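Everything below concerns the one structure shown next.
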Amino acid sequence: MAAMEATALSFANAARALAVACRERDLMVPGFRSPPRVPGAERTVRRWPGGATVSVGVRGRPFPAVVADMVEGIVVVNRLSGVEATRVRTALWDAITEPQAGPSAAAPARKEVRAA
């Protein structure tokens, strides 16, 4: 079975989930964008005082490859290594793979009203 191809929507949803996971761990939350400005690059990291942007190629790539680049970008931006980097990678992957309780999960079901 082939891996699901990434879409702009899956990229945006992953970015939101990863941002929440970063905040929970007091990590710097980078901005995410696509595509990278460097031709042929699948991931780039750009830093500036107080922040960073992780650019990831999405088009034509499997979703797990895109998420792997996003996760690794967070590790690089936060200058993590060794055991701490491994722990953070695991937590970030968990944030993507575990079902998230979003606004739709808390919203009451709508009643359908039909005209007579």
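In the structure tokens, chains take letters A, B, ... by order of appearance, with residues numbered from 1 within each chain and ligands from 1 in the order shown.
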Can you tell me, as an mmCIF file with C-alpha atoms, in the first residue's frame, what residues are no more than 9 Å from Val71 in chain A when counting only C-alpha atoms, ignoring any on the same chain fewer than 3 positions away?
```cif
data_model
loop_
_atom_site.group_PDB
_atom_site.id
_atom_site.type_symbol
_atom_site.label_atom_id
_atom_site.label_comp_id
_atom_site.auth_asym_id
_atom_site.auth_seq_id
_atom_site.Cartn_x
_atom_site.Cartn_y
_atom_site.Cartn_z
ATOM 1 C CA LEU A 18 3.362 20.173 16.226
ATOM 2 C CA VAL A 66 6.842 15.729 5.103
ATOM 3 C CA VAL A 67 6.173 15.193 8.817
ATOM 4 C CA ALA A 68 9.684 13.776 9.292
ATOM 5 C CA ILE A 74 11.939 21.551 15.132
ATOM 6 C CA VAL A 75 14.854 19.542 16.549
ATOM 7 C CA VAL A 76 17.338 21.686 14.572
ATOM 8 C CA VAL A 88 11.247 15.279 21.553
ATOM 9 C CA ARG A 89 11.066 13.448 18.209
ATOM 10 C CA LEU A 92 6.231 15.160 18.223
ATOM 11 C CA TRP A 93 5.428 11.992 16.261
#
```
Give me every helix (DSSP H, G or I) residue in chain A, going by DSSP on the backbone, as JSON, numbers by chain. {"A": [8, 9, 10, 11, 12, 13, 14, 15, 16, 17, 18, 19, 20, 21, 22, 23, 24, 63, 64, 65, 66, 67, 68, 69, 70, 71, 72, 73, 74, 75, 76, 77, 82, 83, 84, 85, 86, 87, 88, 89, 90, 91, 92, 93, 94, 95, 96, 97, 103, 104, 105, 106]}
Write the residues you've just listed into a file as a PDB file, in the first residue's frame, and include C-alpha atoms for each of them.
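File produced: again.pdb:
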```pdb
ATOM      1  CA  ALA A   8      -1.659  21.627   1.924  1.00  0.00           C
ATOM      2  CA  LEU A   9      -4.400  20.740   4.421  1.00  0.00           C
ATOM      3  CA  SER A  10      -2.476  17.821   5.956  1.00  0.00           C
ATOM      4  CA  PHE A  11       0.612  20.077   6.162  1.00  0.00           C
ATOM      5  CA  ALA A  12      -1.371  22.813   7.959  1.00  0.00           C
ATOM      6  CA  ASN A  13      -2.951  20.316  10.369  1.00  0.00           C
ATOM      7  CA  ALA A  14       0.449  18.807  11.146  1.00  0.00           C
ATOM      8  CA  ALA A  15       1.921  22.280  11.740  1.00  0.00           C
ATOM      9  CA  ARG A  16      -0.843  23.073  14.249  1.00  0.00           C
ATOM     10  CA  ALA A  17      -0.421  19.773  16.112  1.00  0.00           C
ATOM     11  CA  LEU A  18       3.362  20.173  16.226  1.00  0.00           C
ATOM     12  CA  ALA A  19       3.064  23.762  17.474  1.00  0.00           C
ATOM     13  CA  VAL A  20       0.860  22.618  20.367  1.00  0.00           C
ATOM     14  CA  ALA A  21       3.339  19.839  21.219  1.00  0.00           C
ATOM     15  CA  CYS A  22       6.239  22.344  21.144  1.00  0.00           C
ATOM     16  CA  ARG A  23       4.439  24.766  23.443  1.00  0.00           C
ATOM     17  CA  GLU A  24       3.666  21.936  25.889  1.00  0.00           C
ATOM     18  CA  PHE A  63       2.878  12.632   4.189  1.00  0.00           C
ATOM     19  CA  PRO A  64       5.249  10.734   6.558  1.00  0.00           C
ATOM     20  CA  ALA A  65       8.270  12.216   4.725  1.00  0.00           C
ATOM     21  CA  VAL A  66       6.842  15.729   5.103  1.00  0.00           C
ATOM     22  CA  VAL A  67       6.173  15.193   8.817  1.00  0.00           C
ATOM     23  CA  ALA A  68       9.684  13.776   9.292  1.00  0.00           C
ATOM     24  CA  ASP A  69      11.130  16.984   7.806  1.00  0.00           C
ATOM     25  CA  MET A  70       8.889  19.128  10.027  1.00  0.00           C
ATOM     26  CA  VAL A  71       9.900  17.196  13.160  1.00  0.00           C
ATOM     27  CA  GLU A  72      13.590  17.341  12.270  1.00  0.00           C
ATOM     28  CA  GLY A  73      13.261  21.061  11.593  1.00  0.00           C
ATOM     29  CA  ILE A  74      11.939  21.551  15.132  1.00  0.00           C
ATOM     30  CA  VAL A  75      14.854  19.542  16.549  1.00  0.00           C
ATOM     31  CA  VAL A  76      17.338  21.686  14.572  1.00  0.00           C
ATOM     32  CA  VAL A  77      15.675  24.995  15.477  1.00  0.00           C
ATOM     33  CA  GLY A  82      21.221  13.073  22.033  1.00  0.00           C
ATOM     34  CA  VAL A  83      18.593  11.665  24.352  1.00  0.00           C
ATOM     35  CA  GLU A  84      16.654  14.940  24.534  1.00  0.00           C
ATOM     36  CA  ALA A  85      16.329  15.067  20.738  1.00  0.00           C
ATOM     37  CA  THR A  86      15.086  11.479  20.710  1.00  0.00           C
ATOM     38  CA  ARG A  87      12.490  12.221  23.402  1.00  0.00           C
ATOM     39  CA  VAL A  88      11.247  15.279  21.553  1.00  0.00           C
ATOM     40  CA  ARG A  89      11.066  13.448  18.209  1.00  0.00           C
ATOM     41  CA  THR A  90       8.986  10.716  19.848  1.00  0.00           C
ATOM     42  CA  ALA A  91       6.656  13.238  21.481  1.00  0.00           C
ATOM     43  CA  LEU A  92       6.231  15.160  18.223  1.00  0.00           C
ATOM     44  CA  TRP A  93       5.428  11.992  16.261  1.00  0.00           C
ATOM     45  CA  ASP A  94       2.917  11.064  18.968  1.00  0.00           C
ATOM     46  CA  ALA A  95       1.294  14.487  18.548  1.00  0.00           C
ATOM     47  CA  ILE A  96       0.758  13.721  14.854  1.00  0.00           C
ATOM     48  CA  THR A  97      -0.344  10.100  15.134  1.00  0.00           C
ATOM     49  CA  PRO A 103     -13.337  21.932  18.305  1.00  0.00           C
ATOM     50  CA  SER A 104     -15.458  19.502  16.315  1.00  0.00           C
ATOM     51  CA  ALA A 105     -15.051  16.837  18.999  1.00  0.00           C
ATOM     52  CA  ALA A 106     -16.421  19.165  21.680  1.00  0.00           C
TER      53      ALA A 106
END
```
Restricting the calculation to only C-alpha atoms, which member of A:Met28, A:Gly40, A:Gly60, A:Gly51 is positioned closest to Leu80 in chain A?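 Ranked by minimum distance to Leu80 in chain A, first place goes to A:Met28.
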Kindly assemble as JSON lines a list of the range 45-110 of chain A residues that lie within 9 Å of range 32-37 of chain A, each paired with its nearest atom pair and their distance in Å to one decimal, using only C-alpha atoms, sorted first by chain and then by ascending residue number.
```
{"residue": "A:Val45", "atom": "CA", "partner": "A:Pro36", "partner_atom": "CA", "distance": 8.8}
{"residue": "A:Ala52", "atom": "CA", "partner": "A:Phe32", "partner_atom": "CA", "distance": 8.8}
{"residue": "A:Thr53", "atom": "CA", "partner": "A:Phe32", "partner_atom": "CA", "distance": 5.6}
{"residue": "A:Val54", "atom": "CA", "partner": "A:Phe32", "partner_atom": "CA", "distance": 5.0}
{"residue": "A:Ser55", "atom": "CA", "partner": "A:Pro36", "partner_atom": "CA", "distance": 4.7}
{"residue": "A:Val56", "atom": "CA", "partner": "A:Ser34", "partner_atom": "CA", "distance": 5.2}
{"residue": "A:Gly57", "atom": "CA", "partner": "A:Pro35", "partner_atom": "CA", "distance": 4.7}
{"residue": "A:Val58", "atom": "CA", "partner": "A:Ser34", "partner_atom": "CA", "distance": 6.6}
{"residue": "A:Arg59", "atom": "CA", "partner": "A:Pro35", "partner_atom": "CA", "distance": 8.2}
{"residue": "A:Met70", "atom": "CA", "partner": "A:Phe32", "partner_atom": "CA", "distance": 7.9}
```
How about saving the chosen residues, C-alpha atoms kept, as a JSON list (two decimals), in the first residue's frame?
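Result file again-v4.json:
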```json
[["chain", "number", "residue", "atom", "x", "y", "z"],
["A", 45, "VAL", "CA", 15.69, 26.21, 8.19],
["A", 52, "ALA", "CA", 12.85, 30.56, 12.86],
["A", 53, "THR", "CA", 11.04, 29.19, 9.82],
["A", 54, "VAL", "CA", 11.10, 25.59, 8.67],
["A", 55, "SER", "CA", 10.28, 25.31, 4.97],
["A", 56, "VAL", "CA", 9.25, 21.89, 3.72],
["A", 57, "GLY", "CA", 8.45, 20.61, 0.25],
["A", 58, "VAL", "CA", 4.95, 19.10, 0.20],
["A", 59, "ARG", "CA", 3.99, 18.57, -3.43],
["A", 70, "MET", "CA", 8.89, 19.13, 10.03]]
```
Taking the chain letters and numbering used in this document, name the residues of range 42-88 of chain A that DSSP puts in strand (DSSP E or B), as a VMD selection string. chain A and resid 43 to 48 51 to 56 62
Any idea what the distance is between CA of Ala6 in chain A and CA of Gly50 in chain A? 29.3 Å
